[in-house]
file work_2.txt (compact mmCIF, C-alpha atoms and all ligand atoms)
# COMPACT_ATOMS: atom_id res chain seq x y z
CA MET X 12 -62.19 5.14 84.00
CA THR X 13 -60.44 4.56 80.69
CA ALA X 14 -58.07 1.63 81.25
CA VAL X 15 -55.93 2.14 78.17
CA GLU X 16 -55.36 5.35 76.21
CA ALA X 17 -52.97 4.94 73.30
CA ASP X 18 -52.22 7.80 70.92
CA GLY X 19 -50.15 7.61 67.78
CA LEU X 20 -48.17 4.50 68.77
CA THR X 21 -45.45 3.70 66.29
CA LEU X 22 -42.94 0.87 66.27
CA ARG X 23 -40.30 -0.07 63.71
CA TYR X 24 -38.18 -3.19 63.42
CA GLY X 25 -35.26 -1.83 61.45
CA ARG X 26 -36.83 -0.30 58.35
CA ALA X 27 -40.05 -2.28 58.62
CA ILE X 28 -42.91 -0.50 60.32
CA ALA X 29 -44.91 -2.84 62.58
CA LEU X 30 -47.20 -0.20 64.12
CA ASP X 31 -48.05 3.00 62.33
CA ASP X 32 -49.87 5.69 64.30
CA VAL X 33 -52.15 3.44 66.35
CA SER X 34 -54.65 5.11 68.68
CA LEU X 35 -57.00 3.19 70.90
CA ARG X 36 -59.25 3.57 73.96
CA LEU X 37 -60.18 0.61 76.14
CA ARG X 38 -62.73 0.54 78.94
CA THR X 39 -64.30 -2.18 81.07
CA GLY X 40 -65.44 -5.07 78.87
CA VAL X 41 -63.97 -7.38 76.27
CA THR X 42 -62.31 -6.02 73.11
CA GLY X 43 -61.23 -8.32 70.30
CA LEU X 44 -58.23 -7.56 68.11
CA LEU X 45 -58.42 -9.04 64.62
CA GLY X 46 -55.96 -8.80 61.78
CA PRO X 47 -53.96 -10.84 59.28
CA ASN X 48 -50.66 -12.54 60.18
CA GLY X 49 -48.05 -9.84 60.62
CA ALA X 50 -50.62 -7.04 61.11
CA GLY X 51 -48.98 -5.92 64.36
CA LYS X 52 -51.35 -7.47 66.94
CA THR X 53 -48.64 -9.07 69.07
CA THR X 54 -46.52 -5.94 68.80
CA LEU X 55 -49.42 -3.80 70.07
CA LEU X 56 -50.28 -6.22 72.89
CA ARG X 57 -46.64 -6.39 73.98
CA ILE X 58 -46.44 -2.60 74.12
CA ILE X 59 -49.60 -2.34 76.25
CA ALA X 60 -48.29 -5.18 78.44
CA THR X 61 -45.01 -3.22 78.96
CA ALA X 62 -42.92 -6.00 77.36
CA LEU X 63 -41.85 -3.61 74.58
CA SER X 64 -41.55 0.18 74.30
CA ALA X 65 -43.04 2.09 71.39
CA ASP X 66 -40.75 4.33 69.31
CA GLY X 67 -43.33 7.07 69.21
CA GLY X 68 -46.72 8.07 70.56
CA THR X 69 -48.10 8.06 74.08
CA LEU X 70 -49.60 5.32 76.21
CA ARG X 71 -51.43 5.56 79.52
CA VAL X 72 -52.64 2.49 81.39
CA PHE X 73 -54.94 3.44 84.27
CA GLY X 74 -53.27 6.84 84.04
CA HIS X 75 -49.73 5.42 84.42
CA ASP X 76 -47.03 6.04 81.84
CA PRO X 77 -45.18 2.78 81.05
CA SER X 78 -42.24 4.66 79.51
CA THR X 79 -41.08 5.56 83.04
CA PRO X 80 -39.80 2.88 85.49
CA PRO X 81 -42.35 3.75 88.25
CA GLY X 82 -45.16 3.87 85.66
CA ARG X 83 -44.12 0.50 84.26
CA LEU X 84 -44.13 -1.05 87.74
CA ALA X 85 -47.58 0.42 88.49
CA VAL X 86 -48.95 -1.01 85.21
CA ARG X 87 -47.45 -4.45 85.84
CA ARG X 88 -49.18 -4.59 89.23
CA LEU X 89 -52.55 -4.16 87.51
CA LEU X 90 -51.89 -6.42 84.55
CA GLY X 91 -52.32 -10.04 83.52
CA TYR X 92 -50.70 -11.07 80.23
CA LEU X 93 -50.86 -14.21 78.14
CA PRO X 94 -48.09 -13.95 75.50
CA GLN X 95 -48.43 -15.61 72.10
CA ASP X 96 -45.50 -17.92 72.91
CA PRO X 97 -45.39 -18.34 76.66
CA GLY X 98 -42.11 -19.82 77.81
CA PHE X 99 -42.45 -22.57 80.38
CA HIS X 100 -39.96 -24.30 82.58
CA PRO X 101 -40.86 -27.89 81.64
CA SER X 102 -40.01 -29.42 85.00
CA PHE X 103 -42.26 -27.06 86.99
CA THR X 104 -45.59 -28.52 87.94
CA ALA X 105 -48.71 -26.62 86.87
CA PHE X 106 -49.18 -25.41 90.43
CA GLU X 107 -45.53 -24.36 90.86
CA PHE X 108 -45.61 -22.37 87.63
CA VAL X 109 -48.70 -20.33 88.54
CA ASP X 110 -47.41 -19.95 92.10
CA TYR X 111 -44.16 -18.57 90.72
CA VAL X 112 -46.05 -16.02 88.60
CA ALA X 113 -48.11 -15.12 91.69
CA ILE X 114 -44.91 -14.47 93.67
CA LEU X 115 -43.70 -12.16 90.89
CA LYS X 116 -47.06 -10.41 91.16
CA GLU X 117 -46.24 -9.74 94.82
CA LEU X 118 -48.80 -12.05 96.37
CA THR X 119 -46.57 -12.52 99.39
CA HIS X 120 -48.93 -14.16 101.87
CA ARG X 121 -48.35 -17.89 101.28
CA THR X 122 -51.73 -19.32 102.28
CA ALA X 123 -53.72 -16.62 100.49
CA ARG X 124 -51.51 -17.04 97.42
CA HIS X 125 -51.99 -20.79 97.31
CA THR X 126 -55.78 -20.30 97.57
CA GLU X 127 -55.59 -17.89 94.65
CA VAL X 128 -53.43 -20.27 92.56
CA ALA X 129 -55.92 -23.08 93.21
CA ARG X 130 -58.78 -20.75 92.20
CA VAL X 131 -57.33 -19.89 88.78
CA LEU X 132 -56.26 -23.47 88.05
CA SER X 133 -59.81 -24.56 88.81
CA ALA X 134 -61.21 -21.74 86.62
CA VAL X 135 -59.31 -23.11 83.61
CA GLY X 136 -60.24 -26.72 84.39
CA LEU X 137 -56.79 -27.90 85.48
CA ASP X 138 -57.73 -28.99 89.02
CA ASP X 139 -56.73 -32.57 88.39
CA ARG X 140 -53.43 -31.61 86.71
CA ARG X 141 -52.11 -29.37 89.50
CA ARG X 142 -49.29 -31.75 90.34
CA SER X 143 -48.43 -32.62 86.72
CA ARG X 144 -45.12 -31.46 85.30
CA ILE X 145 -45.61 -29.03 82.42
CA ARG X 146 -43.75 -31.30 80.02
CA THR X 147 -46.47 -33.93 80.51
CA LEU X 148 -49.34 -31.54 79.62
CA SER X 149 -50.99 -31.40 76.19
CA GLY X 150 -50.79 -28.25 74.05
CA GLY X 151 -54.31 -27.14 74.98
CA MET X 152 -53.60 -27.74 78.67
CA ARG X 153 -50.48 -25.59 78.46
CA GLN X 154 -52.51 -22.86 76.83
CA ARG X 155 -54.99 -23.02 79.73
CA LEU X 156 -52.12 -22.98 82.20
CA ALA X 157 -50.81 -19.79 80.61
CA LEU X 158 -54.32 -18.35 80.89
CA ALA X 159 -54.41 -19.25 84.60
CA ALA X 160 -51.11 -17.41 85.04
CA ALA X 161 -52.59 -14.35 83.29
CA LEU X 162 -55.59 -14.38 85.63
CA VAL X 163 -53.79 -14.92 88.94
CA GLY X 164 -54.20 -12.03 91.35
CA ASP X 165 -57.41 -10.83 89.63
CA PRO X 166 -55.74 -8.10 87.49
CA ASP X 167 -57.74 -5.07 86.29
CA LEU X 168 -56.36 -5.29 82.76
CA VAL X 169 -56.05 -8.68 81.06
CA ILE X 170 -54.17 -8.98 77.74
CA LEU X 171 -54.48 -12.29 75.91
CA ASP X 172 -52.59 -13.01 72.69
CA GLU X 173 -54.47 -15.75 70.79
CA PRO X 174 -55.81 -17.38 73.96
CA THR X 175 -58.09 -19.88 72.21
CA VAL X 176 -55.41 -21.49 70.02
CA GLY X 177 -55.45 -25.24 70.57
CA LEU X 178 -58.53 -25.33 72.80
CA ASP X 179 -61.04 -28.09 72.15
CA PRO X 180 -64.70 -27.04 71.61
CA GLU X 181 -65.72 -27.64 75.22
CA GLN X 182 -62.74 -25.70 76.57
CA ARG X 183 -63.44 -22.90 74.11
CA LEU X 184 -66.93 -22.56 75.59
CA ARG X 185 -65.52 -22.63 79.12
CA PHE X 186 -63.08 -19.92 78.06
CA ARG X 187 -65.95 -17.78 76.79
CA GLU X 188 -67.85 -18.16 80.06
CA LEU X 189 -64.76 -17.26 82.06
CA ILE X 190 -63.81 -14.22 79.97
CA ALA X 191 -67.38 -12.92 79.57
CA ASP X 192 -67.68 -13.01 83.34
CA LEU X 193 -64.37 -11.23 83.75
CA GLY X 194 -65.40 -8.55 81.24
CA GLU X 195 -68.22 -7.43 83.51
CA ARG X 196 -65.67 -6.12 86.01
CA LYS X 197 -62.37 -5.82 84.16
CA THR X 198 -60.82 -4.62 80.90
CA VAL X 199 -59.91 -7.49 78.59
CA LEU X 200 -58.08 -7.16 75.26
CA LEU X 201 -57.61 -10.36 73.27
CA SER X 202 -56.24 -11.09 69.83
CA THR X 203 -57.67 -13.95 67.84
CA HIS X 204 -58.10 -15.32 64.35
CA GLN X 205 -61.46 -16.82 65.37
CA THR X 206 -64.23 -14.49 64.31
CA GLU X 207 -66.69 -16.61 66.35
CA ASP X 208 -64.75 -15.71 69.50
CA VAL X 209 -65.26 -12.04 68.68
CA MET X 210 -68.95 -12.45 67.81
CA SER X 211 -69.79 -14.39 70.95
CA LEU X 212 -67.60 -12.58 73.46
CA CYS X 213 -66.53 -9.07 72.50
CA GLN X 214 -68.43 -5.80 72.92
CA GLU X 215 -65.83 -4.01 70.81
CA VAL X 216 -63.61 -5.09 67.96
CA VAL X 217 -60.51 -3.48 66.50
CA VAL X 218 -59.09 -4.56 63.16
CA LEU X 219 -55.39 -3.98 62.57
CA ASP X 220 -53.88 -4.34 59.11
CA ARG X 221 -50.30 -3.56 58.15
CA GLY X 222 -49.76 -1.73 61.41
CA ARG X 223 -52.81 0.54 61.19
CA VAL X 224 -56.23 0.49 62.80
CA ARG X 225 -58.68 -0.19 59.95
CA PHE X 226 -61.81 -0.51 62.02
CA GLU X 227 -63.08 0.13 65.53
CA GLY X 228 -66.67 -0.64 66.52
CA THR X 229 -69.05 -3.40 67.56
CA PRO X 230 -68.97 -6.88 66.01
CA ALA X 231 -72.35 -6.12 64.41
CA GLU X 232 -70.92 -2.97 62.81
CA LEU X 233 -67.99 -4.99 61.45
CA ALA X 234 -70.41 -7.51 59.92
CA GLY X 235 -72.40 -4.55 58.53
CA LEU X 236 -69.43 -3.49 56.37
CA ALA X 237 -70.27 -6.44 54.13
CA SER X 238 -73.93 -5.55 53.96
CA GLY X 239 -75.08 -5.91 50.33
CA ARG X 240 -71.84 -7.72 49.45
CA VAL X 241 -72.65 -11.32 50.32
CA TRP X 242 -74.77 -13.46 48.04
CA THR X 243 -75.44 -17.02 47.09
CA SER X 244 -75.89 -18.67 43.72
CA ALA X 245 -76.36 -22.13 42.30
CA ALA X 246 -73.17 -21.94 40.22
CA ARG X 247 -69.62 -20.72 40.64
CA GLN X 248 -69.10 -17.00 39.87
CA ALA X 249 -65.93 -15.04 39.12
CA GLY X 250 -64.90 -11.69 40.55
CA ALA X 251 -65.63 -12.14 44.26
CA LEU X 252 -63.11 -11.64 47.09
CA ALA X 253 -64.00 -15.16 48.20
CA SER X 254 -66.36 -17.86 46.97
CA TRP X 255 -66.93 -21.37 48.07
CA ARG X 256 -69.42 -24.16 47.72
CA THR X 257 -71.21 -24.61 51.04
CA GLY X 258 -72.51 -27.82 52.58
CA THR X 259 -75.96 -27.16 51.11
CA GLY X 260 -74.52 -27.15 47.57
CA LEU X 261 -75.05 -23.39 47.09
CA HIS X 262 -72.05 -21.19 46.30
CA ARG X 263 -71.54 -18.32 48.74
CA HIS X 264 -69.69 -15.19 47.59
CA VAL X 265 -68.28 -12.06 49.20
CA GLY X 266 -67.44 -9.14 46.94
CA ASP X 267 -69.25 -7.04 44.36
CA PRO X 268 -72.52 -8.82 43.60
CA PRO X 269 -73.90 -8.99 40.05
CA PRO X 270 -77.28 -7.34 39.38
CA GLY X 271 -80.17 -9.28 40.90
CA ALA X 272 -77.93 -11.39 43.15
CA ALA X 273 -79.57 -13.26 46.04
CA LEU X 274 -78.11 -11.23 48.92
CA VAL X 275 -77.72 -12.82 52.34
CA GLU X 276 -77.00 -11.51 55.83
CA PRO X 277 -73.24 -10.92 56.28
CA SER X 278 -71.23 -12.47 59.11
CA ILE X 279 -68.41 -10.77 61.00
CA GLU X 280 -66.01 -12.80 58.86
CA ASP X 281 -67.53 -11.24 55.74
CA GLY X 282 -67.07 -7.76 57.22
CA TYR X 283 -63.48 -8.57 58.07
CA LEU X 284 -62.81 -9.88 54.57
CA THR X 285 -64.38 -6.81 52.98
CA LEU X 286 -62.02 -4.70 55.07
CA VAL X 287 -58.70 -6.53 54.70
CA GLY X 288 -59.28 -8.89 51.77
CA THR X 289 -56.72 -8.46 49.00
CA GLY X 290 -58.41 -10.79 46.55
CA THR X 291 -59.24 -10.06 42.96
CA GLY X 292 -62.20 -7.82 43.79
CA THR X 293 -60.30 -5.33 45.95
CA GLY X 294 -59.55 -1.92 44.55
CA THR X 295 -61.12 -2.70 41.21
CA GLY X 296 -64.68 -3.01 42.47
CA THR X 297 -67.51 -0.85 41.29
CA GLY X 298 -68.00 0.62 44.77
CA THR X 299 -71.29 -0.79 45.96
CA GLY X 300 -71.44 1.50 48.98
CA THR X 301 -68.99 0.14 51.52
CA GLY X 302 -67.76 3.64 52.31
CA THR X 303 -64.43 4.87 53.54
CA GLU X 304 -63.17 1.53 54.82
CA ALA X 305 -63.32 0.03 51.35
CA SER X 306 -61.51 3.06 49.97
CA ALA X 307 -58.87 2.63 52.67
CA VAL X 308 -58.34 -0.95 51.56
CA ALA X 309 -58.23 0.04 47.91
CA GLY X 310 -55.82 2.89 48.71
CA GLY X 311 -53.51 0.62 50.66
CA ALA X 312 -53.69 -2.42 48.40
CA ARG X 313 -50.37 -4.19 47.99
N1 LIG X 401 -38.55 -9.26 66.66
C1 LIG X 401 -38.88 -8.87 65.43
N2 LIG X 401 -37.92 -8.46 64.56
C2 LIG X 401 -38.24 -8.02 63.32
N3 LIG X 401 -39.50 -7.94 62.85
C3 LIG X 401 -40.49 -8.34 63.67
C4 LIG X 401 -40.23 -8.82 64.99
N4 LIG X 401 -41.43 -9.14 65.56
C5 LIG X 401 -42.36 -8.87 64.63
N5 LIG X 401 -41.81 -8.39 63.50
C6 LIG X 401 -42.54 -7.94 62.30
O1 LIG X 401 -43.51 -6.99 62.71
C7 LIG X 401 -44.73 -7.16 62.03
C8 LIG X 401 -45.86 -7.38 63.04
O2 LIG X 401 -45.66 -8.62 63.71
P1 LIG X 401 -46.64 -9.12 64.84
O3 LIG X 401 -46.01 -10.28 65.48
O4 LIG X 401 -47.00 -7.97 65.72
O5 LIG X 401 -47.91 -9.56 63.98
P2 LIG X 401 -49.27 -10.30 64.43
O6 LIG X 401 -50.39 -9.44 63.98
O7 LIG X 401 -49.20 -10.64 65.87
O8 LIG X 401 -49.24 -11.62 63.53
P3 LIG X 401 -49.78 -13.13 63.85
O9 LIG X 401 -51.24 -13.14 63.52
O10 LIG X 401 -49.00 -13.96 62.88
O11 LIG X 401 -49.46 -13.45 65.28
C9 LIG X 401 -44.51 -8.33 61.07
O12 LIG X 401 -44.18 -7.78 59.82
C10 LIG X 401 -43.33 -9.06 61.65
O13 LIG X 401 -42.57 -9.68 60.63
MG MG X 402 -49.22 -12.37 66.91

call {"tool": "encode", "arguments": {"input": "work_2.txt", "output": "structure tokens", "more": "lines below"}}
Ligand SMILES: Nc1ncnc2c1ncn2[C@@H]1O[C@H](COP(=O)(O)OP(=O)(O)OP(=O)(O)O)[C@@H](O)[C@H]1O
Ligand SMILES: [Mg+2]
result
Amino acid sequence: MTAVEADGLTLRYGRAIALDDVSLRLRTGVTGLLGPNGAGKTTLLRIIATALSADGGTLRVFGHDPSTPPGRLAVRRLLGYLPQDPGFHPSFTAFEFVDYVAILKELTHRTARHTEVARVLSAVGLDDRRRSRIRTLSGGMRQRLALAAALVGDPDLVILDEPTVGLDPEQRLRFRELIADLGERKTVLLSTHQTEDVMSLCQEVVVLDRGRVRFEGTPAELAGLASGRVWTSAARQAGALASWRTGTGLHRHVGDPPPGAALVEPSIEDGYLTLVGTGTGTGTGTGTGTGTEASAVAGGAR
């Protein structure tokens, strides 16, 4: 079954348009949401998580309509949500906080609920901090605590807004294991600025830019957008969207390559940059075959 069906979602803050005609389908598996700061990712996630209502368009989550009170309640029963800025009561312990969320999620049987709270705290590696007050936890630990709260009750739809912010490398790997596992049974939508998270975890990726969906496909397809547009050279070159000197001493460029350039395999980051980059190359390029997406960028250039 399709977990999320969004059609033509629109949201304005005053005169500013944060979401402009966004349509999306989500099924079982992990979908990554990429996009620049201010693209509308949090706005979209909040709408799907019923924390905000769209001004226009339709949304169905497991067939329920969150614009009606009964629909909203039905969605919330199936949902786990990690907000971008989770608010914590600093004098709660880790256990008390997740237990409180579990009570809100209607896990009324005390013993079963406590078993479930212990399970999710263990899943995020906070076993030994169960009795710690939140104010004594590090930033990364708080982030994992918020993740535990999103996972409690084993929800069918899990929405995570920048879940890997502040995680150390080992915890990032643990996060990937946990979420990859979850994605075999559940629908997961996560926003991130880490293209490696998307490459290593997501079956699908959606790129939002200035409130619009610019791309929907697999991570490999996103990388493919930069095919023929990434090259290396011994010296600095002008005219690329991005260029830098790599650790090997070679300069790596993304943009419109000069004739005879030494092309290299693009990464998902290159694809992303080709799509949303507003550097010097955008809109003035010679059109080296990046198709409609590049035209969309050129057409919408600021
Ligand atoms: N409460 C608000 N009032 C007014 N404008 C807002 C509000 N929240 C967001 N916006 C605006 O809506 C747009 C989308 O913001 P949003 O938070 O959804 O972006 P984002 O993609 O999550 O960005 P980031 O990567 O920085 O988290 C931005 O232009 C932002 O300034
Ligand atoms: Mg955000």

call {"tool": "closest_atom_pairs", "arguments": {"input": "work_2.txt", "of": "chain X", "to": "ligand LIG 401 (chain X)", "cutoff": "6 Å", "atoms": "all atoms listed in the file", "output": "Markdown table"}}
result
| residue | atom | partner | partner_atom | distance |
| --- | --- | --- | --- | --- |
| X:Tyr24 | CA | X:LIG401 | C2 | 4.8 |
| X:Ala29 | CA | X:LIG401 | C7 | 4.4 |
| X:Pro47 | CA | X:LIG401 | O9 | 5.5 |
| X:Asn48 | CA | X:LIG401 | O9 | 3.4 |
| X:Gly49 | CA | X:LIG401 | O5 | 3.4 |
| X:Ala50 | CA | X:LIG401 | O6 | 3.7 |
| X:Gly51 | CA | X:LIG401 | O4 | 3.2 |
| X:Lys52 | CA | X:LIG401 | O6 | 3.7 |
| X:Thr53 | CA | X:LIG401 | O7 | 3.6 |
| X:Thr54 | CA | X:LIG401 | O4 | 3.7 |

call {"tool": "residues_around", "arguments": {"input": "work_2.txt", "residues": "Thr229 in chain X", "least_positions_apart": "4", "cutoff": "8 Å", "atoms": "all atoms listed in the file", "output": "list in words"}}
result
Cys213, Gln214, Glu215, Val216 and Leu233 of chain X

call {"tool": "write_last_selection", "arguments": {"input": "work_2.txt", "atoms": "C-alpha atoms", "output": "mmCIF file, in the frame of the given file"}}
result
data_model
loop_
_atom_site.group_PDB
_atom_site.id
_atom_site.type_symbol
_atom_site.label_atom_id
_atom_site.label_comp_id
_atom_site.auth_asym_id
_atom_site.auth_seq_id
_atom_site.Cartn_x
_atom_site.Cartn_y
_atom_site.Cartn_z
ATOM 1 C CA CYS X 213 -66.530 -9.070 72.500
ATOM 2 C CA GLN X 214 -68.430 -5.800 72.920
ATOM 3 C CA GLU X 215 -65.830 -4.010 70.810
ATOM 4 C CA VAL X 216 -63.610 -5.090 67.960
ATOM 5 C CA LEU X 233 -67.990 -4.990 61.450
#

call {"tool": "residues_around", "arguments": {"input": "work_2.txt", "residues": "range 162-174 of chain X", "least_positions_apart": "6", "cutoff": "6 Å", "atoms": "all atoms listed in the file", "output": "list in words"}}
result
Leu89, Leu90, Gly91, Tyr92, Leu93, Pro94, Gln95, Lys197, Thr198, Val199, Leu200, Leu201, Ser202 and Thr203 of chain X

call {"tool": "closest_residue", "arguments": {"input": "work_2.txt", "among": "X:Val15, X:Asp139, X:Leu219, X:Glu276", "to": "Asp76 in chain X", "atoms": "only C-alpha atoms"}}
result
X:Val15

call {"tool": "residues_around", "arguments": {"input": "work_2.txt", "residues": "range 260-270 of chain X", "least_positions_apart": "5", "cutoff": "6 Å", "atoms": "all atoms listed in the file", "output": "PyMOL selection string"}}
result
chain X and resi 240-245+251-255

call {"tool": "atom_distance", "arguments": {"input": "work_2.txt", "atom1": "CA of Thr175 in chain X", "atom2": "CA of Val131 in chain X"}}
result
16.6 Å

call {"tool": "residues_around", "arguments": {"input": "work_2.txt", "residues": "Thr61 in chain X", "least_positions_apart": "2", "cutoff": "9 Å", "atoms": "only C-alpha atoms", "output": "VMD selection string"}}
result
chain X and resid 56 to 59 63 to 64 77 to 78 83 86 to 87

call {"tool": "atom_distance", "arguments": {"input": "work_2.txt", "atom1": "CA of His125 in chain X", "atom2": "CA of Leu137 in chain X"}}
result
14.6 Å

call {"tool": "axis_aligned_box", "arguments": {"input": "work_2.txt", "around": "range 88-103 of chain X", "padding_each_side": "6 Å", "output": "lines of an AutoDock Vina configuration file"}}
result
center_x = -46.3
center_y = -16.8
center_z = 80.7
size_x = 24.6
size_y = 37.3
size_z = 29.1

call {"tool": "closest_residue", "arguments": {"input": "work_2.txt", "among": "X:Gly67, X:Gly222, X:Gly271, X:Gly150", "to": "ligand MG 402 (chain X)", "atoms": "all atoms listed in the file"}}
result
X:Gly222

call {"tool": "closest_residue", "arguments": {"input": "work_2.txt", "among": "X:Glu16, X:Asp32, X:Glu195, X:Asp208", "to": "Val224 in chain X", "atoms": "only C-alpha atoms"}}
result
X:Asp32

call {"tool": "closest_residue", "arguments": {"input": "work_2.txt", "among": "X:Leu45, X:Ala134, X:Ala161, X:Ile279", "to": "ligand MG 402 (chain X)", "atoms": "all atoms listed in the file"}}
result
X:Leu45

call {"tool": "atom_distance", "arguments": {"input": "work_2.txt", "atom1": "CA of Val217 in chain X", "atom2": "CA of Glu280 in chain X"}}
result
13.2 Å

call {"tool": "closest_residue", "arguments": {"input": "work_2.txt", "among": "X:Pro80, X:Val176, X:Ser34, X:Ala65", "to": "ligand MG 402 (chain X)", "atoms": "only C-alpha atoms and all ligand atoms"}}
result
X:Val176

call {"tool": "closest_residue", "arguments": {"input": "work_2.txt", "among": "X:Ala105, X:Met210, X:Leu132, X:Ala14", "to": "Arg144 in chain X", "atoms": "only C-alpha atoms"}}
result
X:Ala105

call {"tool": "residues_around", "arguments": {"input": "work_2.txt", "residues": "Ile28 in chain X", "least_positions_apart": "6", "cutoff": "9 Å", "atoms": "only C-alpha atoms", "output": "list of chain:residue names"}}
result
X:Thr21, X:Leu22, X:Arg221, X:Gly222
